[in-house]
Amino acid sequence: MAPPSPPTTLLLPLLLLLLLLLPLLFSFPLIPSSPTCRSYCGNITIDYPFSLHSGCGHPAFRQLLFCINSLLLLHIPSGSYRVLSIDYAFRRLTLNDPTMSDCYSLAPNTSPAHGFITNPSLSKFLQPAPDNVFFLLGCRRDSPLFQLGFPDTRVCGNVSGMGCEDYYRCPAWEAGGRSAAYGTSNPPECCSVAAGVVREVNLTRLRCAAYSSAYSIAPVRARGPGEWDYGIRVAYSVPGDDETGCRACRVSGGSCGYDDTKVRGEEDVDYGVVMQRLCICGGGIDAWNSTTTCESVGTSEGFVVKQASIVNAVLRGWLVCATGLLAI
């Protein structure tokens, strides 16, 4: 004989209760369920303050990095750049600008390069590192570089053993001849400046046709321009309070993030707006967030319970009830 079915009078209230709880469950903000925000793109590790996921890392660097076909790209107003490496110890990114000149090819005068321009809020925390030497090419007479008394070009000079006289020895200049590259030698075709001289490489504002960037991080100086490293070294920084808070979160076993539901637009990235810092703890559907560390206990400590945890708890309770009813 088949066992009797559960009484309908008991199942209907249970189903109604579940239907009433569904809108409440899905009203909670979604936070990444992984216990760690660290990720990878190709052979590059993505860690704090950067992230490929919303809600992870530092809000100042949100929507900055993208991984496409295992290539890590950095996107700023002046364009997209391939990220060759991230040095977390020295807080440096090394970028490649495909429109930039190097020792073996010069960017054409008719095709302006990207340069390097960030938005005002980001420029406080992401800017060219002192390791860079910028070679500004084909600059006009009315360039701001020469405003202190043209043709006085003392602003252009040798920087850390790298200068235009060395750069002129590159095969790219020898191929077409110096005078043919940008049409004039007065002002000079090349002006080498340290990264601190120009806060950003805005070729339109500087009235230059193209640029190159080289850097030297080795203790032994490279012998010639063919051995220089070409690319843009970018320094990043994080405000001290956020750095201290993240360190405490990591020591407790958490990952540093922020409440992405509080970010409404570009103005929220500026530090004029205080954003809620989160410590992402736990793992899977039981992951939860704290505004301090993973060692905090209780809602009074600032816990932000995840939607997944609530769903999990309710489903477990529903299954227990359903199992009890079926056993009747």
# chains A, B, ... in the order shown; residues from 1 in each chain; ligands from 1

call {"tool": "select_by_dssp", "arguments": {"residues": "region 113-151 of chain A", "states": "strand (DSSP E)", "output": "ChimeraX atom specification"}}
result
/A:126-128,132-137

call {"tool": "write_last_selection", "arguments": {"atoms": "N, CA, C and O atoms", "output": "short mmCIF file (atom, residue, chain, number, x, y, z; two decimals), in the first residue's frame"}}
result
data_model
loop_
_atom_site.label_atom_id
_atom_site.label_comp_id
_atom_site.auth_asym_id
_atom_site.auth_seq_id
_atom_site.Cartn_x
_atom_site.Cartn_y
_atom_site.Cartn_z
N LEU A 126 47.64 57.46 -10.37
CA LEU A 126 48.22 56.72 -11.49
C LEU A 126 48.89 57.73 -12.42
O LEU A 126 48.21 58.52 -13.07
N GLN A 127 50.22 57.71 -12.48
CA GLN A 127 50.95 58.67 -13.30
C GLN A 127 52.30 58.08 -13.73
O GLN A 127 52.78 57.11 -13.12
N PRO A 128 52.90 58.62 -14.79
CA PRO A 128 54.19 58.10 -15.26
C PRO A 128 55.23 58.09 -14.15
O PRO A 128 55.34 59.04 -13.37
N ASN A 132 60.83 56.79 -16.30
CA ASN A 132 60.62 57.07 -17.72
C ASN A 132 61.46 58.23 -18.23
O ASN A 132 61.71 59.20 -17.52
N VAL A 133 61.84 58.11 -19.49
CA VAL A 133 62.35 59.24 -20.26
C VAL A 133 61.47 59.33 -21.50
O VAL A 133 61.33 58.36 -22.25
N PHE A 134 60.83 60.50 -21.68
CA PHE A 134 59.96 60.68 -22.84
C PHE A 134 60.72 61.41 -23.94
O PHE A 134 61.36 62.44 -23.69
N PHE A 135 60.64 60.88 -25.15
CA PHE A 135 61.23 61.52 -26.33
C PHE A 135 60.08 62.10 -27.14
O PHE A 135 59.33 61.36 -27.79
N LEU A 136 59.92 63.41 -27.07
CA LEU A 136 58.84 64.10 -27.79
C LEU A 136 59.35 64.47 -29.17
O LEU A 136 60.37 65.15 -29.32
N LEU A 137 58.64 64.02 -30.19
CA LEU A 137 59.13 64.09 -31.56
C LEU A 137 58.30 65.05 -32.41
O LEU A 137 57.08 65.11 -32.31
#

call {"tool": "select_by_dssp", "arguments": {"residues": "region 48-225 of chain A", "states": "alpha helix (DSSP H)", "output": "list in words"}}
result
Pro120, Ser121, Leu122, Ser123, Cys164, Glu165, Asp166, Tyr167, Pro171, Ala172, Trp173, Glu174, Ala175, Gly176, Arg178, Ser179, Ala180, Ala181, Tyr182, Leu203, Thr204, Arg205 and Leu206 of chain A

call {"tool": "write_last_selection", "arguments": {"atoms": "N, CA, C and O atoms", "output": "PDB file, in the first residue's frame"}}
result
ATOM      1  N   PRO A 120      41.104  63.403 -14.292  1.00  0.00           N
ATOM      2  CA  PRO A 120      41.625  64.143 -13.127  1.00  0.00           C
ATOM      3  C   PRO A 120      41.606  63.354 -11.821  1.00  0.00           C
ATOM      4  O   PRO A 120      42.544  63.442 -11.029  1.00  0.00           O
ATOM      5  N   SER A 121      40.549  62.573 -11.578  1.00  0.00           N
ATOM      6  CA  SER A 121      40.466  61.844 -10.312  1.00  0.00           C
ATOM      7  C   SER A 121      41.487  60.718 -10.248  1.00  0.00           C
ATOM      8  O   SER A 121      42.038  60.422  -9.186  1.00  0.00           O
ATOM      9  N   LEU A 122      41.777  60.095 -11.375  1.00  0.00           N
ATOM     10  CA  LEU A 122      42.721  58.982 -11.403  1.00  0.00           C
ATOM     11  C   LEU A 122      44.168  59.447 -11.439  1.00  0.00           C
ATOM     12  O   LEU A 122      45.067  58.739 -10.967  1.00  0.00           O
ATOM     13  N   SER A 123      44.418  60.632 -11.971  1.00  0.00           N
ATOM     14  CA  SER A 123      45.798  61.109 -12.133  1.00  0.00           C
ATOM     15  C   SER A 123      46.517  61.281 -10.803  1.00  0.00           C
ATOM     16  O   SER A 123      47.742  61.299 -10.756  1.00  0.00           O
ATOM     17  N   CYS A 164      68.376  62.422 -26.652  1.00  0.00           N
ATOM     18  CA  CYS A 164      68.080  62.385 -28.082  1.00  0.00           C
ATOM     19  C   CYS A 164      69.307  62.067 -28.932  1.00  0.00           C
ATOM     20  O   CYS A 164      69.193  61.409 -29.970  1.00  0.00           O
ATOM     21  N   GLU A 165      70.484  62.554 -28.517  1.00  0.00           N
ATOM     22  CA  GLU A 165      71.680  62.263 -29.308  1.00  0.00           C
ATOM     23  C   GLU A 165      71.927  60.766 -29.418  1.00  0.00           C
ATOM     24  O   GLU A 165      72.374  60.268 -30.449  1.00  0.00           O
ATOM     25  N   ASP A 166      71.622  60.049 -28.328  1.00  0.00           N
ATOM     26  CA  ASP A 166      71.721  58.587 -28.393  1.00  0.00           C
ATOM     27  C   ASP A 166      70.575  58.003 -29.215  1.00  0.00           C
ATOM     28  O   ASP A 166      70.765  57.078 -30.006  1.00  0.00           O
ATOM     29  N   TYR A 167      69.380  58.561 -29.017  1.00  0.00           N
ATOM     30  CA  TYR A 167      68.209  58.046 -29.726  1.00  0.00           C
ATOM     31  C   TYR A 167      68.348  58.208 -31.240  1.00  0.00           C
ATOM     32  O   TYR A 167      67.847  57.392 -32.005  1.00  0.00           O
ATOM     33  N   PRO A 171      68.201  52.633 -35.620  1.00  0.00           N
ATOM     34  CA  PRO A 171      67.969  52.328 -37.044  1.00  0.00           C
ATOM     35  C   PRO A 171      66.788  53.083 -37.636  1.00  0.00           C
ATOM     36  O   PRO A 171      66.782  53.396 -38.832  1.00  0.00           O
ATOM     37  N   ALA A 172      65.780  53.394 -36.818  1.00  0.00           N
ATOM     38  CA  ALA A 172      64.605  54.098 -37.342  1.00  0.00           C
ATOM     39  C   ALA A 172      64.977  55.464 -37.898  1.00  0.00           C
ATOM     40  O   ALA A 172      64.408  55.909 -38.912  1.00  0.00           O
ATOM     41  N   TRP A 173      65.934  56.173 -37.286  1.00  0.00           N
ATOM     42  CA  TRP A 173      66.350  57.483 -37.759  1.00  0.00           C
ATOM     43  C   TRP A 173      67.300  57.355 -38.938  1.00  0.00           C
ATOM     44  O   TRP A 173      67.271  58.175 -39.866  1.00  0.00           O
ATOM     45  N   GLU A 174      68.127  56.341 -38.929  1.00  0.00           N
ATOM     46  CA  GLU A 174      69.109  56.178 -40.001  1.00  0.00           C
ATOM     47  C   GLU A 174      68.454  55.773 -41.305  1.00  0.00           C
ATOM     48  O   GLU A 174      68.954  56.084 -42.379  1.00  0.00           O
ATOM     49  N   ALA A 175      67.302  55.133 -41.223  1.00  0.00           N
ATOM     50  CA  ALA A 175      66.653  54.643 -42.433  1.00  0.00           C
ATOM     51  C   ALA A 175      66.244  55.771 -43.366  1.00  0.00           C
ATOM     52  O   ALA A 175      66.515  55.743 -44.572  1.00  0.00           O
ATOM     53  N   GLY A 176      65.570  56.810 -42.812  1.00  0.00           N
ATOM     54  CA  GLY A 176      65.083  57.881 -43.670  1.00  0.00           C
ATOM     55  C   GLY A 176      65.857  59.170 -43.553  1.00  0.00           C
ATOM     56  O   GLY A 176      65.589  60.123 -44.297  1.00  0.00           O
ATOM     57  N   ARG A 178      67.532  62.037 -40.561  1.00  0.00           N
ATOM     58  CA  ARG A 178      66.910  62.833 -39.520  1.00  0.00           C
ATOM     59  C   ARG A 178      66.032  63.949 -40.063  1.00  0.00           C
ATOM     60  O   ARG A 178      64.924  64.179 -39.589  1.00  0.00           O
ATOM     61  N   SER A 179      66.476  64.639 -41.083  1.00  0.00           N
ATOM     62  CA  SER A 179      65.718  65.778 -41.598  1.00  0.00           C
ATOM     63  C   SER A 179      64.423  65.360 -42.271  1.00  0.00           C
ATOM     64  O   SER A 179      63.502  66.159 -42.405  1.00  0.00           O
ATOM     65  N   ALA A 180      64.346  64.078 -42.685  1.00  0.00           N
ATOM     66  CA  ALA A 180      63.143  63.616 -43.383  1.00  0.00           C
ATOM     67  C   ALA A 180      62.064  63.107 -42.431  1.00  0.00           C
ATOM     68  O   ALA A 180      60.930  62.889 -42.831  1.00  0.00           O
ATOM     69  N   ALA A 181      62.429  62.905 -41.160  1.00  0.00           N
ATOM     70  CA  ALA A 181      61.482  62.289 -40.233  1.00  0.00           C
ATOM     71  C   ALA A 181      60.270  63.181 -39.981  1.00  0.00           C
ATOM     72  O   ALA A 181      59.127  62.766 -40.178  1.00  0.00           O
ATOM     73  N   TYR A 182      60.492  64.425 -39.546  1.00  0.00           N
ATOM     74  CA  TYR A 182      59.383  65.328 -39.245  1.00  0.00           C
ATOM     75  C   TYR A 182      59.546  66.679 -39.915  1.00  0.00           C
ATOM     76  O   TYR A 182      58.904  67.645 -39.534  1.00  0.00           O
ATOM     77  N   LEU A 203      49.939  64.946 -26.521  1.00  0.00           N
ATOM     78  CA  LEU A 203      50.623  65.402 -27.725  1.00  0.00           C
ATOM     79  C   LEU A 203      49.922  66.598 -28.362  1.00  0.00           C
ATOM     80  O   LEU A 203      50.570  67.452 -28.970  1.00  0.00           O
ATOM     81  N   THR A 204      48.604  66.659 -28.217  1.00  0.00           N
ATOM     82  CA  THR A 204      47.872  67.806 -28.768  1.00  0.00           C
ATOM     83  C   THR A 204      48.242  69.085 -28.033  1.00  0.00           C
ATOM     84  O   THR A 204      48.519  70.122 -28.644  1.00  0.00           O
ATOM     85  N   ARG A 205      48.268  69.021 -26.718  1.00  0.00           N
ATOM     86  CA  ARG A 205      48.603  70.199 -25.915  1.00  0.00           C
ATOM     87  C   ARG A 205      50.080  70.575 -26.077  1.00  0.00           C
ATOM     88  O   ARG A 205      50.432  71.759 -26.105  1.00  0.00           O
ATOM     89  N   LEU A 206      50.933  69.572 -26.176  1.00  0.00           N
ATOM     90  CA  LEU A 206      52.365  69.831 -26.339  1.00  0.00           C
ATOM     91  C   LEU A 206      52.730  70.200 -27.779  1.00  0.00           C
ATOM     92  O   LEU A 206      53.856  70.610 -28.041  1.00  0.00           O
TER      93      LEU A 206
END

call {"tool": "closest_residue", "arguments": {"among": "A:Gly42, A:Pro59, A:Gly79, A:Gly254", "to": "Asp242 (chain A)", "atoms": "only C-alpha atoms"}}
result
A:Pro59

call {"tool": "atom_distance", "arguments": {"atom1": "CA of Arg250 (chain A)", "atom2": "CA of Ser85 (chain A)"}}
result
22.9 Å

call {"tool": "decode", "arguments": {"residues": "region 51-67 of chain A", "atoms": "all heavy atoms", "output": "PDB file, in the first residue's frame"}}
result
ATOM      1  N   SER A  51      41.628  44.901 -10.060  1.00  0.00           N
ATOM      2  CA  SER A  51      40.729  43.756 -10.126  1.00  0.00           C
ATOM      3  C   SER A  51      40.060  43.710 -11.495  1.00  0.00           C
ATOM      4  O   SER A  51      39.941  44.736 -12.175  1.00  0.00           O
ATOM      5  CB  SER A  51      39.659  43.833  -9.033  1.00  0.00           C
ATOM      6  OG  SER A  51      38.765  42.749  -9.145  1.00  0.00           O
ATOM      7  N   LEU A  52      39.640  42.518 -11.857  1.00  0.00           N
ATOM      8  CA  LEU A  52      38.856  42.335 -13.079  1.00  0.00           C
ATOM      9  C   LEU A  52      37.373  42.195 -12.756  1.00  0.00           C
ATOM     10  O   LEU A  52      36.556  42.093 -13.663  1.00  0.00           O
ATOM     11  CB  LEU A  52      39.334  41.089 -13.836  1.00  0.00           C
ATOM     12  CG  LEU A  52      40.783  41.101 -14.332  1.00  0.00           C
ATOM     13  CD1 LEU A  52      41.134  39.758 -14.969  1.00  0.00           C
ATOM     14  CD2 LEU A  52      41.007  42.236 -15.319  1.00  0.00           C
ATOM     15  N   HIS A  53      37.030  42.177 -11.459  1.00  0.00           N
ATOM     16  CA  HIS A  53      35.654  41.953 -11.030  1.00  0.00           C
ATOM     17  C   HIS A  53      35.130  43.157 -10.252  1.00  0.00           C
ATOM     18  O   HIS A  53      35.838  43.736  -9.430  1.00  0.00           O
ATOM     19  CB  HIS A  53      35.568  40.704 -10.150  1.00  0.00           C
ATOM     20  CG  HIS A  53      36.207  39.493 -10.758  1.00  0.00           C
ATOM     21  ND1 HIS A  53      35.703  38.860 -11.871  1.00  0.00           N
ATOM     22  CD2 HIS A  53      37.335  38.810 -10.417  1.00  0.00           C
ATOM     23  CE1 HIS A  53      36.474  37.845 -12.189  1.00  0.00           C
ATOM     24  NE2 HIS A  53      37.480  37.788 -11.323  1.00  0.00           N
ATOM     25  N   SER A  54      33.889  43.502 -10.500  1.00  0.00           N
ATOM     26  CA  SER A  54      33.265  44.607  -9.782  1.00  0.00           C
ATOM     27  C   SER A  54      33.138  44.249  -8.305  1.00  0.00           C
ATOM     28  O   SER A  54      32.792  43.126  -7.943  1.00  0.00           O
ATOM     29  CB  SER A  54      31.884  44.898 -10.365  1.00  0.00           C
ATOM     30  OG  SER A  54      31.255  45.952  -9.681  1.00  0.00           O
ATOM     31  N   GLY A  55      33.443  45.213  -7.428  1.00  0.00           N
ATOM     32  CA  GLY A  55      33.366  44.985  -5.998  1.00  0.00           C
ATOM     33  C   GLY A  55      34.672  44.536  -5.386  1.00  0.00           C
ATOM     34  O   GLY A  55      34.796  44.490  -4.170  1.00  0.00           O
ATOM     35  N   CYS A  56      35.665  44.202  -6.214  1.00  0.00           N
ATOM     36  CA  CYS A  56      36.981  43.790  -5.726  1.00  0.00           C
ATOM     37  C   CYS A  56      37.997  44.902  -5.980  1.00  0.00           C
ATOM     38  O   CYS A  56      37.820  45.733  -6.856  1.00  0.00           O
ATOM     39  CB  CYS A  56      37.443  42.511  -6.426  1.00  0.00           C
ATOM     40  SG  CYS A  56      36.577  41.024  -5.904  1.00  0.00           S
ATOM     41  N   GLY A  57      39.103  44.884  -5.208  1.00  0.00           N
ATOM     42  CA  GLY A  57      40.149  45.878  -5.393  1.00  0.00           C
ATOM     43  C   GLY A  57      39.766  47.215  -4.779  1.00  0.00           C
ATOM     44  O   GLY A  57      38.922  47.300  -3.882  1.00  0.00           O
ATOM     45  N   HIS A  58      40.405  48.272  -5.277  1.00  0.00           N
ATOM     46  CA  HIS A  58      40.129  49.615  -4.772  1.00  0.00           C
ATOM     47  C   HIS A  58      39.233  50.347  -5.776  1.00  0.00           C
ATOM     48  O   HIS A  58      39.451  50.254  -6.996  1.00  0.00           O
ATOM     49  CB  HIS A  58      41.432  50.392  -4.585  1.00  0.00           C
ATOM     50  CG  HIS A  58      41.273  51.624  -3.761  1.00  0.00           C
ATOM     51  ND1 HIS A  58      40.751  52.800  -4.276  1.00  0.00           N
ATOM     52  CD2 HIS A  58      41.526  51.864  -2.441  1.00  0.00           C
ATOM     53  CE1 HIS A  58      40.718  53.705  -3.322  1.00  0.00           C
ATOM     54  NE2 HIS A  58      41.180  53.174  -2.208  1.00  0.00           N
ATOM     55  N   PRO A  59      38.227  51.086  -5.302  1.00  0.00           N
ATOM     56  CA  PRO A  59      37.284  51.735  -6.223  1.00  0.00           C
ATOM     57  C   PRO A  59      37.930  52.734  -7.172  1.00  0.00           C
ATOM     58  O   PRO A  59      37.397  52.998  -8.246  1.00  0.00           O
ATOM     59  CB  PRO A  59      36.280  52.413  -5.285  1.00  0.00           C
ATOM     60  CG  PRO A  59      36.977  52.518  -3.964  1.00  0.00           C
ATOM     61  CD  PRO A  59      37.868  51.332  -3.888  1.00  0.00           C
ATOM     62  N   ALA A  60      39.085  53.312  -6.803  1.00  0.00           N
ATOM     63  CA  ALA A  60      39.732  54.274  -7.701  1.00  0.00           C
ATOM     64  C   ALA A  60      40.198  53.617  -8.984  1.00  0.00           C
ATOM     65  O   ALA A  60      40.339  54.278 -10.009  1.00  0.00           O
ATOM     66  CB  ALA A  60      40.921  54.930  -6.996  1.00  0.00           C
ATOM     67  N   PHE A  61      40.414  52.293  -8.942  1.00  0.00           N
ATOM     68  CA  PHE A  61      40.939  51.584 -10.111  1.00  0.00           C
ATOM     69  C   PHE A  61      39.890  50.679 -10.755  1.00  0.00           C
ATOM     70  O   PHE A  61      40.232  49.762 -11.502  1.00  0.00           O
ATOM     71  CB  PHE A  61      42.161  50.757  -9.701  1.00  0.00           C
ATOM     72  CG  PHE A  61      43.265  51.577  -9.096  1.00  0.00           C
ATOM     73  CD1 PHE A  61      43.489  51.572  -7.727  1.00  0.00           C
ATOM     74  CD2 PHE A  61      44.070  52.374  -9.887  1.00  0.00           C
ATOM     75  CE1 PHE A  61      44.498  52.343  -7.158  1.00  0.00           C
ATOM     76  CE2 PHE A  61      45.077  53.144  -9.334  1.00  0.00           C
ATOM     77  CZ  PHE A  61      45.292  53.127  -7.968  1.00  0.00           C
ATOM     78  N   ARG A  62      38.619  50.928 -10.449  1.00  0.00           N
ATOM     79  CA  ARG A  62      37.553  50.121 -11.036  1.00  0.00           C
ATOM     80  C   ARG A  62      37.455  50.383 -12.536  1.00  0.00           C
ATOM     81  O   ARG A  62      37.724  51.478 -13.018  1.00  0.00           O
ATOM     82  CB  ARG A  62      36.210  50.422 -10.367  1.00  0.00           C
ATOM     83  CG  ARG A  62      35.778  51.878 -10.510  1.00  0.00           C
ATOM     84  CD  ARG A  62      34.534  52.175  -9.686  1.00  0.00           C
ATOM     85  NE  ARG A  62      33.337  51.819 -10.373  1.00  0.00           N
ATOM     86  CZ  ARG A  62      32.647  52.643 -11.158  1.00  0.00           C
ATOM     87  NH1 ARG A  62      33.088  53.878 -11.349  1.00  0.00           N
ATOM     88  NH2 ARG A  62      31.548  52.249 -11.741  1.00  0.00           N
ATOM     89  N   GLN A  63      37.095  49.342 -13.280  1.00  0.00           N
ATOM     90  CA  GLN A  63      36.919  49.425 -14.730  1.00  0.00           C
ATOM     91  C   GLN A  63      38.158  49.994 -15.408  1.00  0.00           C
ATOM     92  O   GLN A  63      38.058  50.750 -16.372  1.00  0.00           O
ATOM     93  CB  GLN A  63      35.678  50.257 -15.068  1.00  0.00           C
ATOM     94  CG  GLN A  63      34.392  49.660 -14.538  1.00  0.00           C
ATOM     95  CD  GLN A  63      33.163  50.486 -14.872  1.00  0.00           C
ATOM     96  OE1 GLN A  63      33.260  51.562 -15.448  1.00  0.00           O
ATOM     97  NE2 GLN A  63      31.998  49.985 -14.512  1.00  0.00           N
ATOM     98  N   LEU A  64      39.317  49.619 -14.902  1.00  0.00           N
ATOM     99  CA  LEU A  64      40.574  50.094 -15.460  1.00  0.00           C
ATOM    100  C   LEU A  64      41.269  49.006 -16.263  1.00  0.00           C
ATOM    101  O   LEU A  64      41.840  49.272 -17.316  1.00  0.00           O
ATOM    102  CB  LEU A  64      41.494  50.581 -14.330  1.00  0.00           C
ATOM    103  CG  LEU A  64      42.831  51.196 -14.748  1.00  0.00           C
ATOM    104  CD1 LEU A  64      42.609  52.537 -15.440  1.00  0.00           C
ATOM    105  CD2 LEU A  64      43.744  51.384 -13.533  1.00  0.00           C
ATOM    106  N   LEU A  65      41.201  47.768 -15.781  1.00  0.00           N
ATOM    107  CA  LEU A  65      41.858  46.639 -16.437  1.00  0.00           C
ATOM    108  C   LEU A  65      40.823  45.707 -17.052  1.00  0.00           C
ATOM    109  O   LEU A  65      39.760  45.462 -16.459  1.00  0.00           O
ATOM    110  CB  LEU A  65      42.716  45.866 -15.432  1.00  0.00           C
ATOM    111  CG  LEU A  65      43.880  46.609 -14.780  1.00  0.00           C
ATOM    112  CD1 LEU A  65      44.627  45.678 -13.842  1.00  0.00           C
ATOM    113  CD2 LEU A  65      44.830  47.190 -15.821  1.00  0.00           C
ATOM    114  N   PHE A  66      41.162  45.172 -18.221  1.00  0.00           N
ATOM    115  CA  PHE A  66      40.294  44.230 -18.914  1.00  0.00           C
ATOM    116  C   PHE A  66      41.156  43.106 -19.478  1.00  0.00           C
ATOM    117  O   PHE A  66      42.250  43.356 -19.986  1.00  0.00           O
ATOM    118  CB  PHE A  66      39.529  44.918 -20.048  1.00  0.00           C
ATOM    119  CG  PHE A  66      38.644  46.048 -19.592  1.00  0.00           C
ATOM    120  CD1 PHE A  66      39.137  47.341 -19.479  1.00  0.00           C
ATOM    121  CD2 PHE A  66      37.315  45.815 -19.261  1.00  0.00           C
ATOM    122  CE1 PHE A  66      38.334  48.380 -19.050  1.00  0.00           C
ATOM    123  CE2 PHE A  66      36.503  46.853 -18.833  1.00  0.00           C
ATOM    124  CZ  PHE A  66      37.005  48.131 -18.732  1.00  0.00           C
ATOM    125  N   CYS A  67      40.664  41.883 -19.376  1.00  0.00           N
ATOM    126  CA  CYS A  67      41.387  40.721 -19.913  1.00  0.00           C
ATOM    127  C   CYS A  67      40.667  40.239 -21.164  1.00  0.00           C
ATOM    128  O   CYS A  67      39.506  39.807 -21.096  1.00  0.00           O
ATOM    129  CB  CYS A  67      41.454  39.614 -18.865  1.00  0.00           C
ATOM    130  SG  CYS A  67      42.500  38.206 -19.352  1.00  0.00           S
TER     131      CYS A  67
END
